[in-house]
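What follows is a short report on a single structure.
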Amino acid sequence: MTAWRHIVAAALLLGILLTQPAATQDANPESIQIGLSTDHVILTAGFSGADLTIFGALENTDPLLARQGRYDVIVVLEGPARQVVVRRKDRVLGMWINTKSETFVNVPVSYSLATTRMPQDITDPVSYKRLSLGANNIHLEPLDPRQSPVTIQEFTDALRDRKQATTLYSANYGGVQFLSSNLFRATLKLAPNVPVGTHKARAFLFRNGQFIRESSAQLSIFKSGFEQWIFRASRLHGFFYGVAAVAVAMLTGWLGRVFFRRD
Amino acid sequence: MGIYLPIAEMSVNGLVVLFMGAAVGFLSGMFGVGGGFLITPLLIFYNIPPAIAVATGANQVIASSFSGSLAHLKRGTLDFKLGFVLLGGGIIGSTVGVWVFALLRSVGQLDLFISLLYVALLGTVGGLMLVESLNSMRAARGGENISLKKSGQHNWIHRLPLKMRFRASKLFVSVIPVLGIGAVIGFLASIMGVGGGFIMVPALIYLLKVPTNVVVGTSLFHIMFTAAYTTIVHATTNQSVDVILALLLMVGGVAGAQYGARAGQKLRGEQLRALLALLVLAVALRLAFDLFIQPENIYSLTNPDGLAQ
């Protein structure tokens, strides 16, 4: 089987036009499509985490391979990229205080992953590394790369560990289920503190442990009208926001006195 | 009851926050303090990022001090002139404080500085208050009568130049210590998210010899303005005031204060002060504990501008 595919690949390299039905499949290989039921998620006042469902379909699959379960899908929802400072506490004069720190650029704030099977059953670690797939393989770039590799490694590990501990980086093995031979559903977790902004959903298709193709879609997460309004006001009109906060406090204080007069 | 805080960008249990506000309101009504020194540590224990806890604490203090100032205004126990001079110093102090706050936040030492200030100040004030109240309890049992203000007794503060007359407080004193006290309280208010009543009251009584009946009203009046100024400056420079969180705390606090005031009337002055001292010491100890015990995880993540993630 593998040998046969190698021959086809060689044939493609030679640029020979292939007309056999079996070979057309490789000339026009499998593809993957995903669709989001909505292109935005709104965080309302009562938001405390949620599950996000993404549907997808495979095209041009080999029915035989599909029946044998040789196709695997990994779906990832990557949050907006931001700078992150990792700080380490050390004991100084008996107190635990922040000492060393390392800044990383373009770190996805959140990273949620769902797979059809356990990751080691889908493909090998080298492929994961090459695709930067999985919380342990995301490329984390330090702002200052001239530091010692040992230090960078230490803080990179700490960053991954902290992100996973706060559930911002999560994995749902078995979270992708085939509904039919080429229709699937992925369930991803949105943490209670999921960041607002543009998230990127990416689906990776594997056949026999080989990466075939990837497709992506965008998802905007924002706060609901009132929360968003407050947030925007605080960022764009900080001074007036502060004045309003003071007014609200004085009004509450005054109402408190009216309602619960003590003297 | 999950409530999403738009500035802290996290979901909290609204009932817990309301209860927190009510508990602090109860204590502040009972002891006649703003309660900022309790709110900020409580919020930090509840995993609210310290920067937001401090700025929101300042916002909450406005409500309780405004309500209190109104009551004192009606009773005529508020020295406006003294209040405004204190305020002049307070504004200088808060401006410096907010600047230091932003600086510490960017170098990652804000949490440490806040904790250290709390431990040092609460520990000192709590300790002194406990000793003083135990002494007066012992004296009361012995039948002596100790008054806080000994008239005619002057210290070095009263020999400073630039004297000014404060009629309501029956004082003729230099503006330098008044401005100084205001500045220190303003500085602490902006860094610790407190009104500073627990420092202002003893400072006015012991250093300036202001009559006790005018002290609380004037202190509340000053605290209200400093807290308002701090809130606005924090909102402008650090964008860390969460109005939803503040509102929950205020509503709980205003209600709790009424029951606290009623409970406070049943206790004697020195007993109240001893209890308050124990409470202050307990908060100081809890914060010291966090500082000296090895944390569960020595690594933490923050934004470049210092907000915890």
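All residue names refer to the structure tokens as shown: chains lettered A, B, ... in order, residues numbered from 1 in each chain, ligands numbered from 1 in order.
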Write out as a Markdown table the residues of chain B that have any atom within 8 Å of an atom of chain A, one row each with the nearest atom pair and its distance in Å to one decimal, counting only C-alpha atoms, sorted by chain and then rising number.
| residue | atom | partner | partner_atom | distance |
| --- | --- | --- | --- | --- |
| B:Met1 | CA | A:Gly46 | CA | 7.5 |
| B:Gly2 | CA | A:Gly46 | CA | 5.0 |
| B:Ile3 | CA | A:Ala45 | CA | 5.1 |
| B:Tyr4 | CA | A:Ala45 | CA | 4.6 |
| B:Leu5 | CA | A:Ala45 | CA | 7.6 |
| B:Pro6 | CA | A:Glu227 | CA | 5.2 |
| B:Ile7 | CA | A:Phe231 | CA | 6.0 |
| B:Glu9 | CA | A:Asn193 | CA | 6.5 |
| B:Met10 | CA | A:Asn193 | CA | 5.1 |
| B:Ser11 | CA | A:Ser48 | CA | 6.1 |
| B:Asn59 | CA | A:Val246 | CA | 6.5 |
| B:Gln60 | CA | A:Ala249 | CA | 6.6 |
| B:Ile62 | CA | A:Ala249 | CA | 5.8 |
| B:Ala63 | CA | A:Gly253 | CA | 4.2 |
| B:Ser64 | CA | A:Gly253 | CA | 5.8 |
| B:Ser65 | CA | A:Gly253 | CA | 7.7 |
| B:Phe66 | CA | A:Gly253 | CA | 5.8 |
| B:Ser67 | CA | A:Gly253 | CA | 4.7 |
| B:Ala71 | CA | A:Asp263 | CA | 7.7 |
| B:Gly108 | CA | A:Asn98 | CA | 6.7 |
| B:Gln109 | CA | A:Asn98 | CA | 6.6 |
| B:Leu112 | CA | A:Ile97 | CA | 6.4 |
| B:Ala228 | CA | A:Val246 | CA | 5.8 |
| B:Thr231 | CA | A:Gly242 | CA | 5.9 |
| B:Ile232 | CA | A:Gly242 | CA | 4.1 |
| B:Val233 | CA | A:Gly242 | CA | 7.4 |
| B:His234 | CA | A:Gly242 | CA | 7.7 |
| B:Ala235 | CA | A:Gly242 | CA | 5.0 |
| B:Thr236 | CA | A:Gly238 | CA | 4.2 |
| B:Thr237 | CA | A:Gly238 | CA | 7.5 |
| B:Gln239 | CA | A:Ser234 | CA | 6.0 |
| B:Val241 | CA | A:Gly242 | CA | 7.6 |
| B:Val243 | CA | A:Ala245 | CA | 6.1 |
| B:Leu247 | CA | A:Ala249 | CA | 7.4 |
| B:Met250 | CA | A:Thr252 | CA | 7.0 |
| B:Val251 | CA | A:Thr252 | CA | 7.2 |
| B:Val254 | CA | A:Gly256 | CA | 5.5 |
| B:Ala255 | CA | A:Gly256 | CA | 7.2 |
| B:Gln258 | CA | A:Phe260 | CA | 6.6 |
| B:Leu291 | CA | A:Met95 | CA | 5.4 |
| B:Phe292 | CA | A:Met95 | CA | 4.8 |
| B:Ile293 | CA | A:Trp96 | CA | 7.4 |
| B:Gln294 | CA | A:Trp96 | CA | 6.6 |
| B:Pro295 | CA | A:Trp96 | CA | 7.6 |
| B:Ile298 | CA | A:Lys89 | CA | 4.9 |
| B:Tyr299 | CA | A:Arg88 | CA | 4.5 |
| B:Ser300 | CA | A:Arg87 | CA | 5.3 |
| B:Leu301 | CA | A:Val86 | CA | 4.7 |
| B:Thr302 | CA | A:Val85 | CA | 5.2 |
| B:Asn303 | CA | A:Val84 | CA | 5.2 |
| B:Pro304 | CA | A:Val85 | CA | 5.9 |
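Residue neighbourhood of B:Ile48, excluding near-sequence residues (fewer than 2 positions): Ala8, Glu9, Met10, Val12, Thr40, Pro41, Leu42, Leu43, Ile44, Phe45, Tyr46, Pro50, Ala51, Ile52, Ala53, Val54, Leu245 and Ala308 of chain B, at 10 Å, using only C-alpha atoms.
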Taking C-alpha atoms for each residue, export the selection above as an mmCIF file, in the first residue's frame.
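Listed below is the output, again.cif:
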data_model
loop_
_atom_site.group_PDB
_atom_site.id
_atom_site.type_symbol
_atom_site.label_atom_id
_atom_site.label_comp_id
_atom_site.auth_asym_id
_atom_site.auth_seq_id
_atom_site.Cartn_x
_atom_site.Cartn_y
_atom_site.Cartn_z
ATOM 1 C CA ALA B 8 -11.176 42.340 35.413
ATOM 2 C CA GLU B 9 -12.313 40.172 32.448
ATOM 3 C CA MET B 10 -13.355 37.338 34.661
ATOM 4 C CA VAL B 12 -17.110 35.971 39.810
ATOM 5 C CA THR B 40 -8.600 45.381 48.962
ATOM 6 C CA PRO B 41 -6.978 42.351 50.672
ATOM 7 C CA LEU B 42 -10.293 40.457 50.521
ATOM 8 C CA LEU B 43 -10.516 41.081 46.772
ATOM 9 C CA ILE B 44 -6.913 39.950 46.331
ATOM 10 C CA PHE B 45 -7.628 36.756 48.318
ATOM 11 C CA TYR B 46 -10.576 36.255 45.938
ATOM 12 C CA PRO B 50 -4.187 43.445 42.748
ATOM 13 C CA ALA B 51 -4.154 46.425 40.359
ATOM 14 C CA ILE B 52 -7.921 46.148 39.906
ATOM 15 C CA ALA B 53 -8.548 45.418 43.596
ATOM 16 C CA VAL B 54 -6.740 48.609 44.597
ATOM 17 C CA LEU B 245 -17.331 45.081 41.021
ATOM 18 C CA ALA B 308 -2.234 39.525 35.978
#
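Using only C-alpha atoms, the protein and nucleic acid residues lying no more than 9 Å from stretch 94-107 of chain B, apart from those fewer than 4 places from it along its own chain, are Ala51, Gly89, Gly90, Asp111, Phe113, Ala183, Val184, Ile185, Gly186, Phe187, Leu188, Ala189, Ser190, Ile191, Thr226, Ala227, Tyr229, Thr230, Val233, His234, Thr237, Asn238, Pro304, Asp305, Gly306 and Leu307 of chain B.
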Deliver the residues from the most recent selection as a file, using N, CA and C atoms, as a PDB file, in the first residue's frame.
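For reference, again_31.pdb as written:
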ATOM      1  N   ALA B  51      -3.987  45.091  40.927  1.00  0.00           N
ATOM      2  CA  ALA B  51      -4.154  46.425  40.359  1.00  0.00           C
ATOM      3  C   ALA B  51      -5.625  46.824  40.318  1.00  0.00           C
ATOM      4  N   GLY B  89      -2.730  68.735  50.157  1.00  0.00           N
ATOM      5  CA  GLY B  89      -1.636  67.770  50.305  1.00  0.00           C
ATOM      6  C   GLY B  89      -2.010  66.430  49.701  1.00  0.00           C
ATOM      7  N   GLY B  90      -3.263  66.043  49.909  1.00  0.00           N
ATOM      8  CA  GLY B  90      -3.752  64.740  49.431  1.00  0.00           C
ATOM      9  C   GLY B  90      -3.602  64.581  47.934  1.00  0.00           C
ATOM     10  N   ASP B 111       2.679  43.890  43.570  1.00  0.00           N
ATOM     11  CA  ASP B 111       2.074  43.007  44.576  1.00  0.00           C
ATOM     12  C   ASP B 111       2.891  43.020  45.855  1.00  0.00           C
ATOM     13  N   PHE B 113       4.996  45.350  46.915  1.00  0.00           N
ATOM     14  CA  PHE B 113       4.946  46.648  47.576  1.00  0.00           C
ATOM     15  C   PHE B 113       3.626  46.820  48.327  1.00  0.00           C
ATOM     16  N   ALA B 183      -0.755  64.590  52.286  1.00  0.00           N
ATOM     17  CA  ALA B 183       0.020  63.972  51.210  1.00  0.00           C
ATOM     18  C   ALA B 183       0.286  62.505  51.504  1.00  0.00           C
ATOM     19  N   VAL B 184       0.659  62.188  52.750  1.00  0.00           N
ATOM     20  CA  VAL B 184       0.937  60.788  53.099  1.00  0.00           C
ATOM     21  C   VAL B 184      -0.320  59.942  52.901  1.00  0.00           C
ATOM     22  N   ILE B 185      -1.461  60.458  53.381  1.00  0.00           N
ATOM     23  CA  ILE B 185      -2.706  59.699  53.244  1.00  0.00           C
ATOM     24  C   ILE B 185      -3.057  59.542  51.762  1.00  0.00           C
ATOM     25  N   GLY B 186      -2.877  60.603  50.970  1.00  0.00           N
ATOM     26  CA  GLY B 186      -3.182  60.522  49.538  1.00  0.00           C
ATOM     27  C   GLY B 186      -2.313  59.494  48.844  1.00  0.00           C
ATOM     28  N   PHE B 187      -1.030  59.456  49.217  1.00  0.00           N
ATOM     29  CA  PHE B 187      -0.093  58.495  48.640  1.00  0.00           C
ATOM     30  C   PHE B 187      -0.539  57.068  48.952  1.00  0.00           C
ATOM     31  N   LEU B 188      -0.860  56.838  50.232  1.00  0.00           N
ATOM     32  CA  LEU B 188      -1.284  55.501  50.651  1.00  0.00           C
ATOM     33  C   LEU B 188      -2.592  55.122  49.976  1.00  0.00           C
ATOM     34  N   ALA B 189      -3.496  56.105  49.855  1.00  0.00           N
ATOM     35  CA  ALA B 189      -4.804  55.829  49.250  1.00  0.00           C
ATOM     36  C   ALA B 189      -4.625  55.306  47.838  1.00  0.00           C
ATOM     37  N   SER B 190      -3.734  55.942  47.066  1.00  0.00           N
ATOM     38  CA  SER B 190      -3.620  55.532  45.674  1.00  0.00           C
ATOM     39  C   SER B 190      -2.875  54.221  45.528  1.00  0.00           C
ATOM     40  N   ILE B 191      -1.956  53.918  46.437  1.00  0.00           N
ATOM     41  CA  ILE B 191      -1.204  52.667  46.297  1.00  0.00           C
ATOM     42  C   ILE B 191      -1.936  51.502  46.942  1.00  0.00           C
ATOM     43  N   THR B 226     -10.015  62.375  48.305  1.00  0.00           N
ATOM     44  CA  THR B 226      -8.801  61.665  47.888  1.00  0.00           C
ATOM     45  C   THR B 226      -9.184  60.414  47.110  1.00  0.00           C
ATOM     46  N   ALA B 227     -10.176  59.681  47.617  1.00  0.00           N
ATOM     47  CA  ALA B 227     -10.595  58.451  46.942  1.00  0.00           C
ATOM     48  C   ALA B 227     -11.166  58.771  45.563  1.00  0.00           C
ATOM     49  N   TYR B 229     -10.436  61.387  43.688  1.00  0.00           N
ATOM     50  CA  TYR B 229      -9.318  61.799  42.837  1.00  0.00           C
ATOM     51  C   TYR B 229      -8.523  60.560  42.392  1.00  0.00           C
ATOM     52  N   THR B 230      -8.253  59.665  43.366  1.00  0.00           N
ATOM     53  CA  THR B 230      -7.503  58.444  43.067  1.00  0.00           C
ATOM     54  C   THR B 230      -8.237  57.600  42.025  1.00  0.00           C
ATOM     55  N   VAL B 233      -7.821  59.219  38.624  1.00  0.00           N
ATOM     56  CA  VAL B 233      -6.463  59.082  38.087  1.00  0.00           C
ATOM     57  C   VAL B 233      -6.178  57.628  37.695  1.00  0.00           C
ATOM     58  N   HIS B 234      -6.617  56.679  38.540  1.00  0.00           N
ATOM     59  CA  HIS B 234      -6.426  55.261  38.194  1.00  0.00           C
ATOM     60  C   HIS B 234      -7.180  54.916  36.908  1.00  0.00           C
ATOM     61  N   THR B 237      -5.074  56.593  33.998  1.00  0.00           N
ATOM     62  CA  THR B 237      -3.731  56.085  33.674  1.00  0.00           C
ATOM     63  C   THR B 237      -3.650  54.563  33.648  1.00  0.00           C
ATOM     64  N   ASN B 238      -4.345  53.886  34.543  1.00  0.00           N
ATOM     65  CA  ASN B 238      -4.187  52.430  34.612  1.00  0.00           C
ATOM     66  C   ASN B 238      -5.410  51.660  34.108  1.00  0.00           C
ATOM     67  N   PRO B 304       2.417  42.792  29.592  1.00  0.00           N
ATOM     68  CA  PRO B 304       3.544  43.722  29.735  1.00  0.00           C
ATOM     69  C   PRO B 304       3.181  44.920  30.614  1.00  0.00           C
ATOM     70  N   ASP B 305       1.908  45.309  30.663  1.00  0.00           N
ATOM     71  CA  ASP B 305       1.550  46.455  31.503  1.00  0.00           C
ATOM     72  C   ASP B 305       1.272  46.032  32.943  1.00  0.00           C
ATOM     73  N   GLY B 306       1.512  44.749  33.243  1.00  0.00           N
ATOM     74  CA  GLY B 306       1.484  44.333  34.639  1.00  0.00           C
ATOM     75  C   GLY B 306       0.179  43.781  35.168  1.00  0.00           C
ATOM     76  N   LEU B 307      -0.859  43.712  34.332  1.00  0.00           N
ATOM     77  CA  LEU B 307      -2.110  43.135  34.818  1.00  0.00           C
ATOM     78  C   LEU B 307      -1.974  41.623  34.818  1.00  0.00           C
TER      79      LEU B 307
END
Extract, using only C-alpha atoms, all DNA, RNA and protein residues at most 12 Å from A:Leu219, discarding same-chain residues fewer than 3 positions from it, and format them as a PDB file with N, CA and C atoms, in the first residue's frame.
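Output saved as around.pdb:
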ATOM      1  N   ILE A  34     -14.357  23.342   7.450  1.00  0.00           N
ATOM      2  CA  ILE A  34     -15.079  23.478   8.725  1.00  0.00           C
ATOM      3  C   ILE A  34     -16.034  24.654   8.636  1.00  0.00           C
ATOM      4  N   GLY A  35     -17.098  24.523   9.392  1.00  0.00           N
ATOM      5  CA  GLY A  35     -18.075  25.597   9.419  1.00  0.00           C
ATOM      6  C   GLY A  35     -18.461  25.882  10.845  1.00  0.00           C
ATOM      7  N   LEU A  36     -18.538  27.167  11.171  1.00  0.00           N
ATOM      8  CA  LEU A  36     -18.975  27.533  12.513  1.00  0.00           C
ATOM      9  C   LEU A  36     -20.446  27.902  12.428  1.00  0.00           C
ATOM     10  N   SER A  37     -21.202  27.467  13.401  1.00  0.00           N
ATOM     11  CA  SER A  37     -22.628  27.783  13.383  1.00  0.00           C
ATOM     12  C   SER A  37     -22.828  29.291  13.548  1.00  0.00           C
ATOM     13  N   THR A  38     -21.808  29.934  14.116  1.00  0.00           N
ATOM     14  CA  THR A  38     -21.890  31.381  14.301  1.00  0.00           C
ATOM     15  C   THR A  38     -20.494  31.941  14.122  1.00  0.00           C
ATOM     16  N   ASP A  39     -20.364  33.172  13.671  1.00  0.00           N
ATOM     17  CA  ASP A  39     -19.010  33.712  13.538  1.00  0.00           C
ATOM     18  C   ASP A  39     -18.635  34.563  14.743  1.00  0.00           C
ATOM     19  N   HIS A  40     -19.511  34.588  15.750  1.00  0.00           N
ATOM     20  CA  HIS A  40     -19.142  35.312  16.969  1.00  0.00           C
ATOM     21  C   HIS A  40     -19.779  34.688  18.202  1.00  0.00           C
ATOM     22  N   VAL A  41     -19.098  34.842  19.319  1.00  0.00           N
ATOM     23  CA  VAL A  41     -19.607  34.383  20.608  1.00  0.00           C
ATOM     24  C   VAL A  41     -19.654  35.605  21.503  1.00  0.00           C
ATOM     25  N   ILE A  42     -20.776  35.776  22.204  1.00  0.00           N
ATOM     26  CA  ILE A  42     -20.921  36.953  23.056  1.00  0.00           C
ATOM     27  C   ILE A  42     -20.833  36.528  24.515  1.00  0.00           C
ATOM     28  N   LEU A  52     -17.779  24.932  22.708  1.00  0.00           N
ATOM     29  CA  LEU A  52     -18.004  25.434  21.358  1.00  0.00           C
ATOM     30  C   LEU A  52     -18.000  24.234  20.420  1.00  0.00           C
ATOM     31  N   THR A  53     -19.036  24.133  19.594  1.00  0.00           N
ATOM     32  CA  THR A  53     -19.113  23.009  18.651  1.00  0.00           C
ATOM     33  C   THR A  53     -18.788  23.500  17.251  1.00  0.00           C
ATOM     34  N   ILE A  54     -17.889  22.782  16.597  1.00  0.00           N
ATOM     35  CA  ILE A  54     -17.530  23.116  15.224  1.00  0.00           C
ATOM     36  C   ILE A  54     -17.842  21.893  14.361  1.00  0.00           C
ATOM     37  N   VAL A  76      -8.351  22.995  16.356  1.00  0.00           N
ATOM     38  CA  VAL A  76      -7.723  23.870  17.330  1.00  0.00           C
ATOM     39  C   VAL A  76      -8.408  25.228  17.290  1.00  0.00           C
ATOM     40  N   LEU A  77      -8.643  25.804  18.459  1.00  0.00           N
ATOM     41  CA  LEU A  77      -9.140  27.178  18.501  1.00  0.00           C
ATOM     42  C   LEU A  77      -8.063  28.007  19.204  1.00  0.00           C
ATOM     43  N   GLU A  78      -7.476  28.917  18.431  1.00  0.00           N
ATOM     44  CA  GLU A  78      -6.346  29.684  18.941  1.00  0.00           C
ATOM     45  C   GLU A  78      -6.800  31.106  19.228  1.00  0.00           C
ATOM     46  N   GLY A  79      -6.549  31.569  20.435  1.00  0.00           N
ATOM     47  CA  GLY A  79      -6.950  32.929  20.805  1.00  0.00           C
ATOM     48  C   GLY A  79      -6.021  33.967  20.213  1.00  0.00           C
ATOM     49  N   PRO A  80      -6.356  35.242  20.368  1.00  0.00           N
ATOM     50  CA  PRO A  80      -5.515  36.314  19.846  1.00  0.00           C
ATOM     51  C   PRO A  80      -4.125  36.267  20.476  1.00  0.00           C
ATOM     52  N   PRO A 195     -10.242  34.991  26.394  1.00  0.00           N
ATOM     53  CA  PRO A 195      -9.989  36.379  26.000  1.00  0.00           C
ATOM     54  C   PRO A 195     -10.929  36.830  24.886  1.00  0.00           C
ATOM     55  N   VAL A 196     -11.226  38.104  24.875  1.00  0.00           N
ATOM     56  CA  VAL A 196     -12.026  38.635  23.780  1.00  0.00           C
ATOM     57  C   VAL A 196     -11.094  38.913  22.603  1.00  0.00           C
ATOM     58  N   GLY A 197     -11.662  38.955  21.416  1.00  0.00           N
ATOM     59  CA  GLY A 197     -10.850  39.219  20.237  1.00  0.00           C
ATOM     60  C   GLY A 197     -11.127  38.185  19.150  1.00  0.00           C
ATOM     61  N   THR A 198     -10.295  38.201  18.119  1.00  0.00           N
ATOM     62  CA  THR A 198     -10.496  37.285  16.999  1.00  0.00           C
ATOM     63  C   THR A 198      -9.763  35.976  17.257  1.00  0.00           C
ATOM     64  N   HIS A 199     -10.516  34.898  17.278  1.00  0.00           N
ATOM     65  CA  HIS A 199      -9.941  33.576  17.463  1.00  0.00           C
ATOM     66  C   HIS A 199      -9.890  32.876  16.111  1.00  0.00           C
ATOM     67  N   LYS A 200      -8.913  32.009  15.962  1.00  0.00           N
ATOM     68  CA  LYS A 200      -8.772  31.304  14.693  1.00  0.00           C
ATOM     69  C   LYS A 200      -9.020  29.825  14.937  1.00  0.00           C
ATOM     70  N   ALA A 201     -10.006  29.277  14.234  1.00  0.00           N
ATOM     71  CA  ALA A 201     -10.274  27.846  14.316  1.00  0.00           C
ATOM     72  C   ALA A 201      -9.543  27.190  13.159  1.00  0.00           C
ATOM     73  N   ARG A 202      -8.746  26.153  13.458  1.00  0.00           N
ATOM     74  CA  ARG A 202      -8.014  25.456  12.398  1.00  0.00           C
ATOM     75  C   ARG A 202      -8.278  23.972  12.519  1.00  0.00           C
ATOM     76  N   SER A 216      -9.149  26.729   7.791  1.00  0.00           N
ATOM     77  CA  SER A 216      -9.373  27.554   8.973  1.00  0.00           C
ATOM     78  C   SER A 216     -10.595  28.446   8.827  1.00  0.00           C
ATOM     79  N   PHE A 222     -16.638  38.477  21.784  1.00  0.00           N
ATOM     80  CA  PHE A 222     -16.682  39.779  22.433  1.00  0.00           C
ATOM     81  C   PHE A 222     -17.687  39.807  23.567  1.00  0.00           C
TER      82      PHE A 222
END
Exercise. Contacts of A:Ala186 at 10 Å or less, counting only C-alpha atoms, minus same-chain residues fewer than 5 places along, as a PyMOL selection string?
Worked result: chain A and resi 34+51-56+73-76+113-116+172+174-178+203
Exercise. Suppose you want the space between atom CA of A:Phe211 and atom CA of A:Leu188; what is it in Å?
Worked result: 21.1 Å
Exercise. Taking the backbone alone, and naming residues the way the document does, which bits of stretch 63-291 of chain B are strand (DSSP E or B) by DSSP, as a PyMOL selection string?
Worked result: chain B and resi 163-166+171-174
Exercise. Can you tell me, as JSON, numbers by chain, what residues are no more than 9 Å from stretch 132-143 of chain B when counting only C-alpha atoms, ignoring any on the same chain fewer than 5 positions away?
Worked result: {"B": [127, 269, 270, 271, 272, 273, 274, 277]}
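Considering the residues B:Leu128, B:Gly123, B:Ile39, B:Ala168 and counting only C-alpha atoms, B:Val17 has its shortest atom-to-atom contact with B:Ile39.
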Problem set entry | Nearest to B:Pro177 by atom-to-atom distance, counting only C-alpha atoms, from B:Ala261, B:Leu160, B:Ala23, B:Leu78 |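 The shortest atom-to-atom distance to B:Pro177 comes from B:Leu160.
If you count only C-alpha atoms and ignore residues fewer than 2 places along the chain from A:Asn208, what sits within 7 Å of it is A:Arg70, A:Tyr71, A:Phe206, A:Gln210.
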Taking C-alpha atoms for each residue, export the selection above as a PDB file, in the first residue's frame.
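And here is the file that came out, result.pdb:
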ATOM      1  CA  ARG A  70      -7.606   5.844   8.854  1.00  0.00           C
ATOM      2  CA  TYR A  71      -8.584   9.502   8.786  1.00  0.00           C
ATOM      3  CA  PHE A 206      -4.367  13.290   8.753  1.00  0.00           C
ATOM      4  CA  GLN A 210       0.329  11.706   7.390  1.00  0.00           C
TER       5      GLN A 210
END
Problem set entry | For A:Arg160, the nearest of the candidates A:Val107, A:Asp124, A:Ser148, A:Asn182, counting only C-alpha atoms |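 Of all the options, A:Val107 lies closest to A:Arg160.
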Exercise. Could you pull out all residues of stretch 98-261 of chain A with a DSSP call of helix (DSSP H, G or I) and give them as a ChimeraX atom specification?
Worked result: /A:119-122,125-131,149-165,225-236,238-259
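Straight-line separation from atom CA of B:Tyr259 to atom CA of B:Gly76: 24.0 Å.
Separating atom CA of A:Asp157 from atom CA of A:Thr187 is a distance of 26.6 Å.
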